[in-house]
Amino acid sequence: MQHRIVVLGAGYSGAIAAGRLARRLHRDDVAITLVNAEPDFVERVRMHQLATGQDLRPRPLAGMFADTGVRLRLAKVTAVDADRRTVTTVDPQERAHVLEYDTLVYALGSAWDDQGVPGVAEHAHQIAGRTGALRLRERLAALPAGRPVLVAGGGLTGLEAVTEIAEARPDLAVALAARGDLGDWLSARGRRHLRKVLDGLGVTVHEHTEVTAVTADHVTTADGRTLPAVVTVWTTGFTARPVAGLGTLEVTGSGRIVVDATMRSVSHPDVYAVGDAALATGPGDKPLRMSCATGAPMAWLAADALAARLTGGKPPKVPLRYFNQCISLGRGQGLIQYVTADDRAVAAVLTGRTAALYKELICKGAAWAVANPTLALPARTRRVLPDRARTAPKATTPA
């Protein structure tokens, strides 16, 4: 008798959730299947580095989850039926399979959002995933000196992208288009440091500039200006990765699954959602932003709550909150903006080389937690209650 847990997505949230469940639950009592389209774990927070020619350490999922009890299935998720408790996948050989589950952990993450702006899908580049980052890497490497590159979007992703590009290619004319003031969510000291770094890197900043159209060699702004850009990098936001057939699962207009304080679907108690795919609230009932800083704690909480419910324990009640925002500004500079629990900037910041090292430590720590799924916390393996187990999982069948 095994309880079938299917985890969709092996990004930060999904991989952490699968590893934590394997550590919490006795492997004789559960069958944990982790479904992911790629064979390697992708450090999404480093895509700006990959795009500028830096090589990242390969992290094969098969090695990470060897001997953990987690079964890895390489396949793309094409549909989820939350009412019938099934997931349809297509493997690399284009064969369709249906997986049945008793509990689903949905962690398919997000994709870039072109926001319907004309020309973005055809001409702009994105760094929301490895494929996009590698495409941009190839394009930047082929650019001769002096060519204009514009990053659209002044948020965390845009700042990291524009500084990385400007540092790696000082011979290019690099610009940033931000809808509001540069770093308008930061403290006064944080904004001053950000502007100093961008000025030092030679980045031209266009504030209060909304890009309304993209072509192969320029962008058009809402106020009618034309800005040169033979490469446009689109970083204006993310949207939940679309998946067909979610049935009656309660989702937002943008496709994020609505969850309670334990990351459990408010409409389907056998579904948990974590990371960018879920809409959870933090202090003040404010929606948590899409980020690794949000996704990892969501995964911890979901795994612990699910394990508690299966073993007769009490689900944890740990409010999710923020402590800081970590921004890399090239390889030698960084900005750590300390924030309130609900993510509002306070006066305190950490800057310069120390901040860059701090951010690097955060990135390495997150990757280590994923790469060592059963070493990241003490052993507390518990048995699943008999009345909460199901029959052994059925073999997958053609769709």
# chains A, B, ... in the order shown; residues from 1 in each chain; ligands from 1
$ residues_around --residues "range 199-204 of chain A" --least-positions-apart "5" --cutoff "8 Å" --atoms "only C-alpha atoms" --output "number ranges by chain"
A: 162-163, 166-167, 170, 173-176
$ write_last_selection --atoms "C-alpha atoms" --output "PDB file, in the first residue's frame"
ATOM      1  CA  VAL A 162      21.521  44.931 -17.946  1.00  0.00           C
ATOM      2  CA  THR A 163      24.454  45.109 -15.530  1.00  0.00           C
ATOM      3  CA  ALA A 166      27.222  45.941 -19.727  1.00  0.00           C
ATOM      4  CA  GLU A 167      30.007  44.413 -17.665  1.00  0.00           C
ATOM      5  CA  PRO A 170      31.575  47.228 -22.411  1.00  0.00           C
ATOM      6  CA  ALA A 173      25.757  50.580 -26.256  1.00  0.00           C
ATOM      7  CA  VAL A 174      23.646  49.137 -23.431  1.00  0.00           C
ATOM      8  CA  ALA A 175      20.437  50.816 -22.283  1.00  0.00           C
ATOM      9  CA  LEU A 176      17.634  50.129 -19.793  1.00  0.00           C
TER      10      LEU A 176
END
$ residues_around --residues "Asp181 in chain A" --least-positions-apart "4" --cutoff "9 Å" --atoms "only C-alpha atoms" --output "number ranges by chain"
A: 154, 185, 206-208
$ residues_around --residues "Ala18 in chain A" --least-positions-apart "5" --cutoff "12 Å" --atoms "only C-alpha atoms" --output "count of residues only"
46
$ closest_residue --among "A:Leu140, A:Leu320, A:Leu361, A:Ala222" --to "Ala341 in chain A" --atoms "only C-alpha atoms"
A:Leu320
$ select_by_dssp --residues "range 152-372 of chain A" --states "alpha helix (DSSP H)" --output "PDB file with N, CA and C atoms, in the first residue's frame"
ATOM      1  N   LEU A 156      13.922  43.412 -10.818  1.00  0.00           N
ATOM      2  CA  LEU A 156      15.120  42.671 -10.414  1.00  0.00           C
ATOM      3  C   LEU A 156      15.775  41.969 -11.591  1.00  0.00           C
ATOM      4  N   THR A 157      14.979  41.295 -12.432  1.00  0.00           N
ATOM      5  CA  THR A 157      15.538  40.570 -13.569  1.00  0.00           C
ATOM      6  C   THR A 157      16.185  41.524 -14.556  1.00  0.00           C
ATOM      7  N   GLY A 158      15.532  42.644 -14.828  1.00  0.00           N
ATOM      8  CA  GLY A 158      16.081  43.613 -15.756  1.00  0.00           C
ATOM      9  C   GLY A 158      17.386  44.216 -15.268  1.00  0.00           C
ATOM     10  N   LEU A 159      17.460  44.535 -13.977  1.00  0.00           N
ATOM     11  CA  LEU A 159      18.683  45.112 -13.417  1.00  0.00           C
ATOM     12  C   LEU A 159      19.842  44.127 -13.482  1.00  0.00           C
ATOM     13  N   GLU A 160      19.570  42.867 -13.163  1.00  0.00           N
ATOM     14  CA  GLU A 160      20.645  41.886 -13.214  1.00  0.00           C
ATOM     15  C   GLU A 160      21.094  41.637 -14.645  1.00  0.00           C
ATOM     16  N   ALA A 161      20.147  41.641 -15.580  1.00  0.00           N
ATOM     17  CA  ALA A 161      20.488  41.407 -16.983  1.00  0.00           C
ATOM     18  C   ALA A 161      21.306  42.567 -17.548  1.00  0.00           C
ATOM     19  N   VAL A 162      20.856  43.790 -17.313  1.00  0.00           N
ATOM     20  CA  VAL A 162      21.521  44.931 -17.946  1.00  0.00           C
ATOM     21  C   VAL A 162      22.925  45.142 -17.388  1.00  0.00           C
ATOM     22  N   THR A 163      23.118  44.937 -16.100  1.00  0.00           N
ATOM     23  CA  THR A 163      24.454  45.109 -15.530  1.00  0.00           C
ATOM     24  C   THR A 163      25.394  43.996 -15.979  1.00  0.00           C
ATOM     25  N   GLU A 164      24.877  42.786 -16.094  1.00  0.00           N
ATOM     26  CA  GLU A 164      25.710  41.670 -16.536  1.00  0.00           C
ATOM     27  C   GLU A 164      26.155  41.883 -17.980  1.00  0.00           C
ATOM     28  N   ILE A 165      25.231  42.315 -18.829  1.00  0.00           N
ATOM     29  CA  ILE A 165      25.568  42.551 -20.237  1.00  0.00           C
ATOM     30  C   ILE A 165      26.571  43.687 -20.363  1.00  0.00           C
ATOM     31  N   ALA A 166      26.323  44.790 -19.641  1.00  0.00           N
ATOM     32  CA  ALA A 166      27.222  45.941 -19.727  1.00  0.00           C
ATOM     33  C   ALA A 166      28.619  45.613 -19.222  1.00  0.00           C
ATOM     34  N   GLU A 167      28.703  44.789 -18.194  1.00  0.00           N
ATOM     35  CA  GLU A 167      30.007  44.413 -17.665  1.00  0.00           C
ATOM     36  C   GLU A 167      30.737  43.475 -18.609  1.00  0.00           C
ATOM     37  N   ALA A 168      30.013  42.498 -19.172  1.00  0.00           N
ATOM     38  CA  ALA A 168      30.631  41.516 -20.062  1.00  0.00           C
ATOM     39  C   ALA A 168      30.997  42.110 -21.420  1.00  0.00           C
ATOM     40  N   ALA A 188      16.346  55.087  -0.406  1.00  0.00           N
ATOM     41  CA  ALA A 188      17.114  56.167  -1.028  1.00  0.00           C
ATOM     42  C   ALA A 188      18.573  55.766  -1.228  1.00  0.00           C
ATOM     43  N   ARG A 189      19.153  55.123  -0.228  1.00  0.00           N
ATOM     44  CA  ARG A 189      20.545  54.688  -0.356  1.00  0.00           C
ATOM     45  C   ARG A 189      20.687  53.604  -1.423  1.00  0.00           C
ATOM     46  N   GLY A 190      19.707  52.701  -1.496  1.00  0.00           N
ATOM     47  CA  GLY A 190      19.742  51.662  -2.517  1.00  0.00           C
ATOM     48  C   GLY A 190      19.663  52.249  -3.919  1.00  0.00           C
ATOM     49  N   ARG A 191      18.805  53.261  -4.101  1.00  0.00           N
ATOM     50  CA  ARG A 191      18.680  53.894  -5.420  1.00  0.00           C
ATOM     51  C   ARG A 191      19.974  54.604  -5.809  1.00  0.00           C
ATOM     52  N   ARG A 192      20.598  55.269  -4.840  1.00  0.00           N
ATOM     53  CA  ARG A 192      21.854  55.966  -5.144  1.00  0.00           C
ATOM     54  C   ARG A 192      22.938  54.988  -5.579  1.00  0.00           C
ATOM     55  N   HIS A 193      23.029  53.853  -4.877  1.00  0.00           N
ATOM     56  CA  HIS A 193      24.052  52.865  -5.250  1.00  0.00           C
ATOM     57  C   HIS A 193      23.751  52.274  -6.623  1.00  0.00           C
ATOM     58  N   LEU A 194      22.499  51.984  -6.884  1.00  0.00           N
ATOM     59  CA  LEU A 194      22.127  51.419  -8.172  1.00  0.00           C
ATOM     60  C   LEU A 194      22.507  52.367  -9.306  1.00  0.00           C
ATOM     61  N   ARG A 195      22.167  53.636  -9.151  1.00  0.00           N
ATOM     62  CA  ARG A 195      22.487  54.605 -10.200  1.00  0.00           C
ATOM     63  C   ARG A 195      24.002  54.740 -10.378  1.00  0.00           C
ATOM     64  N   LYS A 196      24.734  54.711  -9.281  1.00  0.00           N
ATOM     65  CA  LYS A 196      26.190  54.812  -9.361  1.00  0.00           C
ATOM     66  C   LYS A 196      26.772  53.642 -10.155  1.00  0.00           C
ATOM     67  N   VAL A 197      26.278  52.425  -9.907  1.00  0.00           N
ATOM     68  CA  VAL A 197      26.789  51.254 -10.615  1.00  0.00           C
ATOM     69  C   VAL A 197      26.449  51.339 -12.101  1.00  0.00           C
ATOM     70  N   LEU A 198      25.218  51.701 -12.432  1.00  0.00           N
ATOM     71  CA  LEU A 198      24.823  51.784 -13.836  1.00  0.00           C
ATOM     72  C   LEU A 198      25.617  52.864 -14.558  1.00  0.00           C
ATOM     73  N   ASP A 199      25.820  53.977 -13.892  1.00  0.00           N
ATOM     74  CA  ASP A 199      26.632  55.036 -14.507  1.00  0.00           C
ATOM     75  C   ASP A 199      28.054  54.550 -14.756  1.00  0.00           C
ATOM     76  N   GLY A 200      28.612  53.837 -13.789  1.00  0.00           N
ATOM     77  CA  GLY A 200      29.963  53.325 -13.928  1.00  0.00           C
ATOM     78  C   GLY A 200      30.110  52.325 -15.058  1.00  0.00           C
ATOM     79  N   LEU A 201      29.044  51.589 -15.342  1.00  0.00           N
ATOM     80  CA  LEU A 201      29.061  50.605 -16.423  1.00  0.00           C
ATOM     81  C   LEU A 201      28.696  51.223 -17.765  1.00  0.00           C
ATOM     82  N   CYS A 292      12.628  33.118  -6.274  1.00  0.00           N
ATOM     83  CA  CYS A 292      13.208  31.987  -5.552  1.00  0.00           C
ATOM     84  C   CYS A 292      13.053  32.182  -4.050  1.00  0.00           C
ATOM     85  N   ALA A 293      13.124  33.438  -3.606  1.00  0.00           N
ATOM     86  CA  ALA A 293      12.974  33.738  -2.183  1.00  0.00           C
ATOM     87  C   ALA A 293      11.607  33.350  -1.666  1.00  0.00           C
ATOM     88  N   THR A 294      10.625  33.319  -2.542  1.00  0.00           N
ATOM     89  CA  THR A 294       9.278  32.891  -2.174  1.00  0.00           C
ATOM     90  C   THR A 294       9.107  31.388  -2.375  1.00  0.00           C
ATOM     91  N   GLY A 295       9.616  30.887  -3.496  1.00  0.00           N
ATOM     92  CA  GLY A 295       9.371  29.503  -3.875  1.00  0.00           C
ATOM     93  C   GLY A 295       9.940  28.472  -2.926  1.00  0.00           C
ATOM     94  N   ALA A 296      11.161  28.698  -2.425  1.00  0.00           N
ATOM     95  CA  ALA A 296      11.775  27.718  -1.532  1.00  0.00           C
ATOM     96  C   ALA A 296      11.000  27.576  -0.216  1.00  0.00           C
ATOM     97  N   PRO A 297      10.660  28.666   0.483  1.00  0.00           N
ATOM     98  CA  PRO A 297       9.855  28.505   1.701  1.00  0.00           C
ATOM     99  C   PRO A 297       8.482  27.894   1.439  1.00  0.00           C
ATOM    100  N   MET A 298       7.892  28.203   0.292  1.00  0.00           N
ATOM    101  CA  MET A 298       6.614  27.586  -0.051  1.00  0.00           C
ATOM    102  C   MET A 298       6.765  26.070  -0.165  1.00  0.00           C
ATOM    103  N   ALA A 299       7.871  25.624  -0.769  1.00  0.00           N
ATOM    104  CA  ALA A 299       8.111  24.186  -0.918  1.00  0.00           C
ATOM    105  C   ALA A 299       8.317  23.517   0.435  1.00  0.00           C
ATOM    106  N   TRP A 300       9.089  24.152   1.312  1.00  0.00           N
ATOM    107  CA  TRP A 300       9.275  23.595   2.668  1.00  0.00           C
ATOM    108  C   TRP A 300       7.933  23.438   3.372  1.00  0.00           C
ATOM    109  N   LEU A 301       7.138  24.469   3.296  1.00  0.00           N
ATOM    110  CA  LEU A 301       5.864  24.470   4.008  1.00  0.00           C
ATOM    111  C   LEU A 301       4.907  23.431   3.440  1.00  0.00           C
ATOM    112  N   ALA A 302       4.826  23.339   2.109  1.00  0.00           N
ATOM    113  CA  ALA A 302       3.931  22.367   1.483  1.00  0.00           C
ATOM    114  C   ALA A 302       4.337  20.936   1.820  1.00  0.00           C
ATOM    115  N   ALA A 303       5.631  20.637   1.727  1.00  0.00           N
ATOM    116  CA  ALA A 303       6.102  19.283   2.014  1.00  0.00           C
ATOM    117  C   ALA A 303       5.844  18.905   3.469  1.00  0.00           C
ATOM    118  N   ASP A 304       6.114  19.819   4.371  1.00  0.00           N
ATOM    119  CA  ASP A 304       5.909  19.523   5.793  1.00  0.00           C
ATOM    120  C   ASP A 304       4.426  19.367   6.114  1.00  0.00           C
ATOM    121  N   ALA A 305       3.576  20.185   5.487  1.00  0.00           N
ATOM    122  CA  ALA A 305       2.136  20.079   5.733  1.00  0.00           C
ATOM    123  C   ALA A 305       1.581  18.770   5.188  1.00  0.00           C
ATOM    124  N   LEU A 306       2.003  18.404   3.974  1.00  0.00           N
ATOM    125  CA  LEU A 306       1.543  17.143   3.392  1.00  0.00           C
ATOM    126  C   LEU A 306       2.025  15.962   4.221  1.00  0.00           C
ATOM    127  N   ALA A 307       3.296  15.965   4.612  1.00  0.00           N
ATOM    128  CA  ALA A 307       3.820  14.862   5.418  1.00  0.00           C
ATOM    129  C   ALA A 307       3.077  14.757   6.747  1.00  0.00           C
ATOM    130  N   ALA A 308       2.777  15.888   7.351  1.00  0.00           N
ATOM    131  CA  ALA A 308       2.047  15.872   8.624  1.00  0.00           C
ATOM    132  C   ALA A 308       0.662  15.279   8.460  1.00  0.00           C
ATOM    133  N   ARG A 309      -0.021  15.654   7.410  1.00  0.00           N
ATOM    134  CA  ARG A 309      -1.383  15.147   7.202  1.00  0.00           C
ATOM    135  C   ARG A 309      -1.383  13.650   6.910  1.00  0.00           C
ATOM    136  N   LEU A 310      -0.352  13.162   6.236  1.00  0.00           N
ATOM    137  CA  LEU A 310      -0.300  11.729   5.926  1.00  0.00           C
ATOM    138  C   LEU A 310       0.103  10.897   7.137  1.00  0.00           C
ATOM    139  N   THR A 311       0.823  11.482   8.063  1.00  0.00           N
ATOM    140  CA  THR A 311       1.339  10.717   9.201  1.00  0.00           C
ATOM    141  C   THR A 311       0.614  11.003  10.505  1.00  0.00           C
ATOM    142  N   GLY A 352      28.114  46.961  -2.817  1.00  0.00           N
ATOM    143  CA  GLY A 352      29.477  46.702  -3.251  1.00  0.00           C
ATOM    144  C   GLY A 352      29.844  45.235  -3.340  1.00  0.00           C
ATOM    145  N   ARG A 353      31.138  44.969  -3.171  1.00  0.00           N
ATOM    146  CA  ARG A 353      31.672  43.624  -3.278  1.00  0.00           C
ATOM    147  C   ARG A 353      31.090  42.709  -2.211  1.00  0.00           C
ATOM    148  N   THR A 354      30.891  43.235  -1.014  1.00  0.00           N
ATOM    149  CA  THR A 354      30.319  42.421   0.062  1.00  0.00           C
ATOM    150  C   THR A 354      28.928  41.935  -0.311  1.00  0.00           C
ATOM    151  N   ALA A 355      28.133  42.821  -0.907  1.00  0.00           N
ATOM    152  CA  ALA A 355      26.787  42.437  -1.336  1.00  0.00           C
ATOM    153  C   ALA A 355      26.836  41.397  -2.450  1.00  0.00           C
ATOM    154  N   ALA A 356      27.821  41.521  -3.353  1.00  0.00           N
ATOM    155  CA  ALA A 356      27.968  40.532  -4.426  1.00  0.00           C
ATOM    156  C   ALA A 356      28.287  39.155  -3.855  1.00  0.00           C
ATOM    157  N   LEU A 357      29.167  39.118  -2.856  1.00  0.00           N
ATOM    158  CA  LEU A 357      29.506  37.844  -2.216  1.00  0.00           C
ATOM    159  C   LEU A 357      28.307  37.273  -1.466  1.00  0.00           C
ATOM    160  N   TYR A 358      27.536  38.138  -0.835  1.00  0.00           N
ATOM    161  CA  TYR A 358      26.312  37.711  -0.124  1.00  0.00           C
ATOM    162  C   TYR A 358      25.342  37.069  -1.107  1.00  0.00           C
ATOM    163  N   LYS A 359      25.129  37.739  -2.235  1.00  0.00           N
ATOM    164  CA  LYS A 359      24.205  37.184  -3.239  1.00  0.00           C
ATOM    165  C   LYS A 359      24.717  35.852  -3.778  1.00  0.00           C
ATOM    166  N   GLU A 360      26.012  35.752  -4.005  1.00  0.00           N
ATOM    167  CA  GLU A 360      26.584  34.507  -4.496  1.00  0.00           C
ATOM    168  C   GLU A 360      26.390  33.381  -3.487  1.00  0.00           C
ATOM    169  N   LEU A 361      26.539  33.696  -2.214  1.00  0.00           N
ATOM    170  CA  LEU A 361      26.328  32.696  -1.173  1.00  0.00           C
ATOM    171  C   LEU A 361      24.880  32.215  -1.158  1.00  0.00           C
ATOM    172  N   ILE A 362      23.938  33.136  -1.345  1.00  0.00           N
ATOM    173  CA  ILE A 362      22.525  32.768  -1.402  1.00  0.00           C
ATOM    174  C   ILE A 362      22.269  31.833  -2.572  1.00  0.00           C
ATOM    175  N   CYS A 363      22.812  32.166  -3.747  1.00  0.00           N
ATOM    176  CA  CYS A 363      22.606  31.340  -4.936  1.00  0.00           C
ATOM    177  C   CYS A 363      23.200  29.941  -4.756  1.00  0.00           C
ATOM    178  N   LYS A 364      24.421  29.893  -4.206  1.00  0.00           N
ATOM    179  CA  LYS A 364      25.062  28.590  -3.986  1.00  0.00           C
ATOM    180  C   LYS A 364      24.309  27.770  -2.949  1.00  0.00           C
ATOM    181  N   GLY A 365      23.801  28.436  -1.914  1.00  0.00           N
ATOM    182  CA  GLY A 365      23.048  27.718  -0.888  1.00  0.00           C
ATOM    183  C   GLY A 365      21.769  27.120  -1.427  1.00  0.00           C
ATOM    184  N   ALA A 366      21.083  27.868  -2.286  1.00  0.00           N
ATOM    185  CA  ALA A 366      19.847  27.357  -2.882  1.00  0.00           C
ATOM    186  C   ALA A 366      20.131  26.161  -3.776  1.00  0.00           C
ATOM    187  N   ALA A 367      21.196  26.251  -4.566  1.00  0.00           N
ATOM    188  CA  ALA A 367      21.553  25.131  -5.445  1.00  0.00           C
ATOM    189  C   ALA A 367      21.980  23.911  -4.643  1.00  0.00           C
ATOM    190  N   TRP A 368      22.711  24.138  -3.534  1.00  0.00           N
ATOM    191  CA  TRP A 368      23.130  23.008  -2.703  1.00  0.00           C
ATOM    192  C   TRP A 368      21.924  22.300  -2.104  1.00  0.00           C
ATOM    193  N   ALA A 369      20.933  23.059  -1.662  1.00  0.00           N
ATOM    194  CA  ALA A 369      19.738  22.463  -1.068  1.00  0.00           C
ATOM    195  C   ALA A 369      19.003  21.584  -2.072  1.00  0.00           C
ATOM    196  N   VAL A 370      18.996  22.009  -3.341  1.00  0.00           N
ATOM    197  CA  VAL A 370      18.354  21.210  -4.378  1.00  0.00           C
ATOM    198  C   VAL A 370      19.191  19.980  -4.710  1.00  0.00           C
ATOM    199  N   ALA A 371      20.505  20.171  -4.808  1.00  0.00           N
ATOM    200  CA  ALA A 371      21.395  19.087  -5.218  1.00  0.00           C
ATOM    201  C   ALA A 371      21.587  18.028  -4.142  1.00  0.00           C
TER     202      ALA A 371
END
$ closest_residue --among "A:Ile16, A:Leu50, A:Val219, A:Val77" --to "Val90 in chain A" --atoms "only C-alpha atoms"
A:Val77
$ closest_residue --among "A:Pro148, A:Leu350, A:Arg73, A:Ser267" --to "Pro39 in chain A" --atoms "only C-alpha atoms"
A:Arg73
$ residues_around --residues "Thr221 in chain A" --least-positions-apart "4" --cutoff "12 Å" --atoms "only C-alpha atoms" --output "JSON, numbers by chain"
{"A": [117, 118, 152, 177, 178, 179, 206, 207, 208, 209, 210, 211, 212, 213, 214, 215, 225, 226, 227, 228]}
$ write_last_selection --atoms "C-alpha atoms" --output "PDB file, in the first residue's frame"
ATOM      1  CA  VAL A 117       3.136  43.950 -27.009  1.00  0.00           C
ATOM      2  CA  PRO A 118       3.553  43.894 -30.809  1.00  0.00           C
ATOM      3  CA  ALA A 152      13.036  46.435 -21.287  1.00  0.00           C
ATOM      4  CA  ALA A 177      13.977  51.154 -20.184  1.00  0.00           C
ATOM      5  CA  ALA A 178      12.077  51.379 -16.885  1.00  0.00           C
ATOM      6  CA  ARG A 179       8.400  52.286 -16.593  1.00  0.00           C
ATOM      7  CA  HIS A 206      15.396  55.689 -19.852  1.00  0.00           C
ATOM      8  CA  GLU A 207      13.057  56.299 -16.920  1.00  0.00           C
ATOM      9  CA  HIS A 208       9.278  56.585 -17.222  1.00  0.00           C
ATOM     10  CA  THR A 209       9.570  54.706 -20.493  1.00  0.00           C
ATOM     11  CA  GLU A 210       7.091  52.022 -21.523  1.00  0.00           C
ATOM     12  CA  VAL A 211       7.981  49.973 -24.583  1.00  0.00           C
ATOM     13  CA  THR A 212       4.910  49.546 -26.784  1.00  0.00           C
ATOM     14  CA  ALA A 213       6.402  47.823 -29.840  1.00  0.00           C
ATOM     15  CA  VAL A 214       9.575  45.934 -30.756  1.00  0.00           C
ATOM     16  CA  THR A 215      11.189  45.536 -34.165  1.00  0.00           C
ATOM     17  CA  ARG A 225      10.012  57.915 -29.171  1.00  0.00           C
ATOM     18  CA  THR A 226      12.134  55.439 -31.084  1.00  0.00           C
ATOM     19  CA  LEU A 227      15.058  53.849 -29.230  1.00  0.00           C
ATOM     20  CA  PRO A 228      17.713  51.898 -31.153  1.00  0.00           C
TER      21      PRO A 228
END
$ closest_residue --among "A:Gln93, A:Thr78, A:Ser254, A:Thr103" --to "Arg388 in chain A" --atoms "only C-alpha atoms"
A:Thr103
$ closest_residue --among "A:Leu249, A:Leu335, A:Ala273, A:Leu56" --to "Arg130 in chain A" --atoms "only C-alpha atoms"
A:Leu56
$ closest_residue --among "A:Val349, A:Thr220, A:Asp343, A:Pro315" --to "Arg264 in chain A" --atoms "only C-alpha atoms"
A:Pro315
$ atom_distance --atom1 "CA of Ala229 in chain A" --atom2 "CA of Ala216 in chain A"
7.5 Å
$ atom_distance --atom1 "CA of Val149 in chain A" --atom2 "CA of Ser291 in chain A"
25.4 Å
$ decode --residues "range 146-168 of chain A" --atoms "N, CA and C atoms" --output "PDB file, in the first residue's frame"
ATOM      1  N   GLY A 146      29.802  48.491 -30.490  1.00  0.00           N
ATOM      2  CA  GLY A 146      29.031  49.693 -30.752  1.00  0.00           C
ATOM      3  C   GLY A 146      27.557  49.479 -31.003  1.00  0.00           C
ATOM      4  N   ARG A 147      27.121  48.257 -31.125  1.00  0.00           N
ATOM      5  CA  ARG A 147      25.717  47.994 -31.448  1.00  0.00           C
ATOM      6  C   ARG A 147      24.839  48.226 -30.220  1.00  0.00           C
ATOM      7  N   PRO A 148      23.602  48.721 -30.417  1.00  0.00           N
ATOM      8  CA  PRO A 148      22.728  49.037 -29.281  1.00  0.00           C
ATOM      9  C   PRO A 148      21.946  47.827 -28.772  1.00  0.00           C
ATOM     10  N   VAL A 149      21.981  47.644 -27.458  1.00  0.00           N
ATOM     11  CA  VAL A 149      21.229  46.586 -26.783  1.00  0.00           C
ATOM     12  C   VAL A 149      20.348  47.258 -25.739  1.00  0.00           C
ATOM     13  N   LEU A 150      19.070  46.920 -25.728  1.00  0.00           N
ATOM     14  CA  LEU A 150      18.155  47.521 -24.764  1.00  0.00           C
ATOM     15  C   LEU A 150      17.472  46.450 -23.929  1.00  0.00           C
ATOM     16  N   VAL A 151      17.487  46.626 -22.619  1.00  0.00           N
ATOM     17  CA  VAL A 151      16.762  45.755 -21.700  1.00  0.00           C
ATOM     18  C   VAL A 151      15.478  46.473 -21.312  1.00  0.00           C
ATOM     19  N   ALA A 152      14.338  45.855 -21.614  1.00  0.00           N
ATOM     20  CA  ALA A 152      13.036  46.435 -21.287  1.00  0.00           C
ATOM     21  C   ALA A 152      12.556  45.846 -19.974  1.00  0.00           C
ATOM     22  N   GLY A 153      12.409  46.699 -18.963  1.00  0.00           N
ATOM     23  CA  GLY A 153      11.981  46.239 -17.651  1.00  0.00           C
ATOM     24  C   GLY A 153      13.002  46.588 -16.590  1.00  0.00           C
ATOM     25  N   GLY A 154      12.604  47.385 -15.603  1.00  0.00           N
ATOM     26  CA  GLY A 154      13.531  47.833 -14.580  1.00  0.00           C
ATOM     27  C   GLY A 154      13.394  47.124 -13.258  1.00  0.00           C
ATOM     28  N   GLY A 155      12.821  45.910 -13.254  1.00  0.00           N
ATOM     29  CA  GLY A 155      12.709  45.132 -12.026  1.00  0.00           C
ATOM     30  C   GLY A 155      13.996  44.379 -11.730  1.00  0.00           C
ATOM     31  N   LEU A 156      13.922  43.412 -10.818  1.00  0.00           N
ATOM     32  CA  LEU A 156      15.120  42.671 -10.414  1.00  0.00           C
ATOM     33  C   LEU A 156      15.775  41.969 -11.591  1.00  0.00           C
ATOM     34  N   THR A 157      14.979  41.295 -12.432  1.00  0.00           N
ATOM     35  CA  THR A 157      15.538  40.570 -13.569  1.00  0.00           C
ATOM     36  C   THR A 157      16.185  41.524 -14.556  1.00  0.00           C
ATOM     37  N   GLY A 158      15.532  42.644 -14.828  1.00  0.00           N
ATOM     38  CA  GLY A 158      16.081  43.613 -15.756  1.00  0.00           C
ATOM     39  C   GLY A 158      17.386  44.216 -15.268  1.00  0.00           C
ATOM     40  N   LEU A 159      17.460  44.535 -13.977  1.00  0.00           N
ATOM     41  CA  LEU A 159      18.683  45.112 -13.417  1.00  0.00           C
ATOM     42  C   LEU A 159      19.842  44.127 -13.482  1.00  0.00           C
ATOM     43  N   GLU A 160      19.570  42.867 -13.163  1.00  0.00           N
ATOM     44  CA  GLU A 160      20.645  41.886 -13.214  1.00  0.00           C
ATOM     45  C   GLU A 160      21.094  41.637 -14.645  1.00  0.00           C
ATOM     46  N   ALA A 161      20.147  41.641 -15.580  1.00  0.00           N
ATOM     47  CA  ALA A 161      20.488  41.407 -16.983  1.00  0.00           C
ATOM     48  C   ALA A 161      21.306  42.567 -17.548  1.00  0.00           C
ATOM     49  N   VAL A 162      20.856  43.790 -17.313  1.00  0.00           N
ATOM     50  CA  VAL A 162      21.521  44.931 -17.946  1.00  0.00           C
ATOM     51  C   VAL A 162      22.925  45.142 -17.388  1.00  0.00           C
ATOM     52  N   THR A 163      23.118  44.937 -16.100  1.00  0.00           N
ATOM     53  CA  THR A 163      24.454  45.109 -15.530  1.00  0.00           C
ATOM     54  C   THR A 163      25.394  43.996 -15.979  1.00  0.00           C
ATOM     55  N   GLU A 164      24.877  42.786 -16.094  1.00  0.00           N
ATOM     56  CA  GLU A 164      25.710  41.670 -16.536  1.00  0.00           C
ATOM     57  C   GLU A 164      26.155  41.883 -17.980  1.00  0.00           C
ATOM     58  N   ILE A 165      25.231  42.315 -18.829  1.00  0.00           N
ATOM     59  CA  ILE A 165      25.568  42.551 -20.237  1.00  0.00           C
ATOM     60  C   ILE A 165      26.571  43.687 -20.363  1.00  0.00           C
ATOM     61  N   ALA A 166      26.323  44.790 -19.641  1.00  0.00           N
ATOM     62  CA  ALA A 166      27.222  45.941 -19.727  1.00  0.00           C
ATOM     63  C   ALA A 166      28.619  45.613 -19.222  1.00  0.00           C
ATOM     64  N   GLU A 167      28.703  44.789 -18.194  1.00  0.00           N
ATOM     65  CA  GLU A 167      30.007  44.413 -17.665  1.00  0.00           C
ATOM     66  C   GLU A 167      30.737  43.475 -18.609  1.00  0.00           C
ATOM     67  N   ALA A 168      30.013  42.498 -19.172  1.00  0.00           N
ATOM     68  CA  ALA A 168      30.631  41.516 -20.062  1.00  0.00           C
ATOM     69  C   ALA A 168      30.997  42.110 -21.420  1.00  0.00           C
TER      70      ALA A 168
END
